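Scroll down for the structure; my scribbles are underneath it.
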Amino acid sequence: MAGASPLEVLDSCLSEAETLLERAALDRAGPLIRRCVDLYNLWFSTGRSDASGEQLLFRDSVWAAQYQLALQWCQVGETASACQLLQSLGVRWRISDLILRLQPPARSKQPTANSAAPGSRPPPPLQLFAAPLSEVLLLSLVNGFAAESTYWEEHGYSKPETPFFSYTFPLSKRPPRSSIEQAVVELHKILCSSPRTAAWVKGAVRAEWWAHSRRRHEGHQLHYDADERHFRDGAARYAIRHPLVSSILYLSGENSGGPTLVTDLTLGGG
């Protein structure tokens, strides 16, 4: 970039690095991100206490690019390079390779439901349904939530200012009006007919649903499912309310990303 200022060069390098990371072109993204770090250190004085907004913006962008590169290195098994970069960013702990690696996970045995006292509700089970929907309904959902679908643009899905959004479907008050609501009805029937889940869903009156679109190298933050409507009451009055059952419906193949992690960690459990 002849005649460009160092900041313009840095901005251009960051944009190109982001594009390469989106394409998972790590062999080209790595050297380019290292150049971004060098340009940032050359242009800005890292010891200044009166950092400008522009400096902070570039600092965060460079840090995010390095973090994303390290994450993708973990996903393809470049563990040594990833750990070295993460340590330079001040990261002390990371998730196991068994979770981060982008490879079809080995099929684990279905967990065995624990015994429960007569008349009591059994412990929450973890269960896999390989093909819960008909091919016609599944195809409708695949088309409706495809990457090029208007759903994402109409909801402003990729825009930073767009908040989390979801929809609520009453299970018994009206018939389904869309493919996703029909899928909710079908999944509810399956859960009600399964001995391991029937006790948990028989009292359900509504279902909340939402959709995500993730590229192969992208993940999702660890979280607890909760009724977020009650956040409006303020932190002082808020009490955590979890759904009776949480479910994940995958519309893409096994090779589209890493495995889903489910833990037994509870709120307040340390």
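Every chain in the structure tokens takes a letter, A first, then B, and so on in the order presented; its residues are numbered from 1, and the ligands are numbered from 1 following the presented order.
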Exercise. As a VMD selection string, list the residues of stretch 29-202 of chain A assigned to alpha helix (DSSP H) by DSSP on the backbone atoms of this structure.
Key: chain A and resid 29 to 43 53 to 76 79 to 88 97 to 100 135 to 144 150 to 154 179 to 193 198 to 201
Could the residues of stretch 189-249 of chain A that have an atom at most 10 Å from stretch 142-148 of chain A be listed as a tab-separated table, each with its closest atom pair and the distance in Å to one decimal, counting only C-alpha atoms and ordered by chain and ascending residue number?
residue	atom	partner	partner_atom	distance
A:Ala211	CA	A:Phe145	CA	7.9
A:His212	CA	A:Phe145	CA	8.6
A:Ser213	CA	A:Ala147	CA	7.0
A:Arg214	CA	A:Ala147	CA	9.0
A:Arg215	CA	A:Ala147	CA	9.3
Quiz item: Skipping near chain neighbours, those fewer than 6 positions away, what residues fall within 9 Å of stretch 260-270 of chain A using only C-alpha atoms, listed as JSON, numbers by chain?
Solution: {"A": [99, 126, 222, 224]}
Can I get the selection written as a short mmCIF file (atom, residue, chain, number, x, y, z; two decimals), in the first residue's frame, with C-alpha atoms?
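Below is the file out.cif, written as the result:
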data_model
loop_
_atom_site.label_atom_id
_atom_site.label_comp_id
_atom_site.auth_asym_id
_atom_site.auth_seq_id
_atom_site.Cartn_x
_atom_site.Cartn_y
_atom_site.Cartn_z
CA ILE A 99 -13.61 -30.76 22.95
CA LEU A 126 -28.93 -37.01 28.60
CA LEU A 222 -20.51 -21.91 27.67
CA TYR A 224 -26.74 -22.12 31.44
#
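Note that atom CA of A:Ala131 and atom CA of A:His188 are 14.1 Å apart.
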Exercise. Tell me, as a ChimeraX atom specification, which residues lie within 8 Å of A:Leu133, counting only C-alpha atoms; anything in the same chain fewer than 6 positions away does not count.
Key: /A:183,186-187
Residues from last step as file, C-alpha atoms, as a tab-separated table (two decimals), in the first residue's frame:
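In the end it all went to again.tsv:
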chain	number	residue	atom	x	y	z
A	183	ALA	CA	-40.67	-29.53	14.87
A	186	GLU	CA	-42.85	-33.48	17.12
A	187	LEU	CA	-39.96	-33.29	19.57
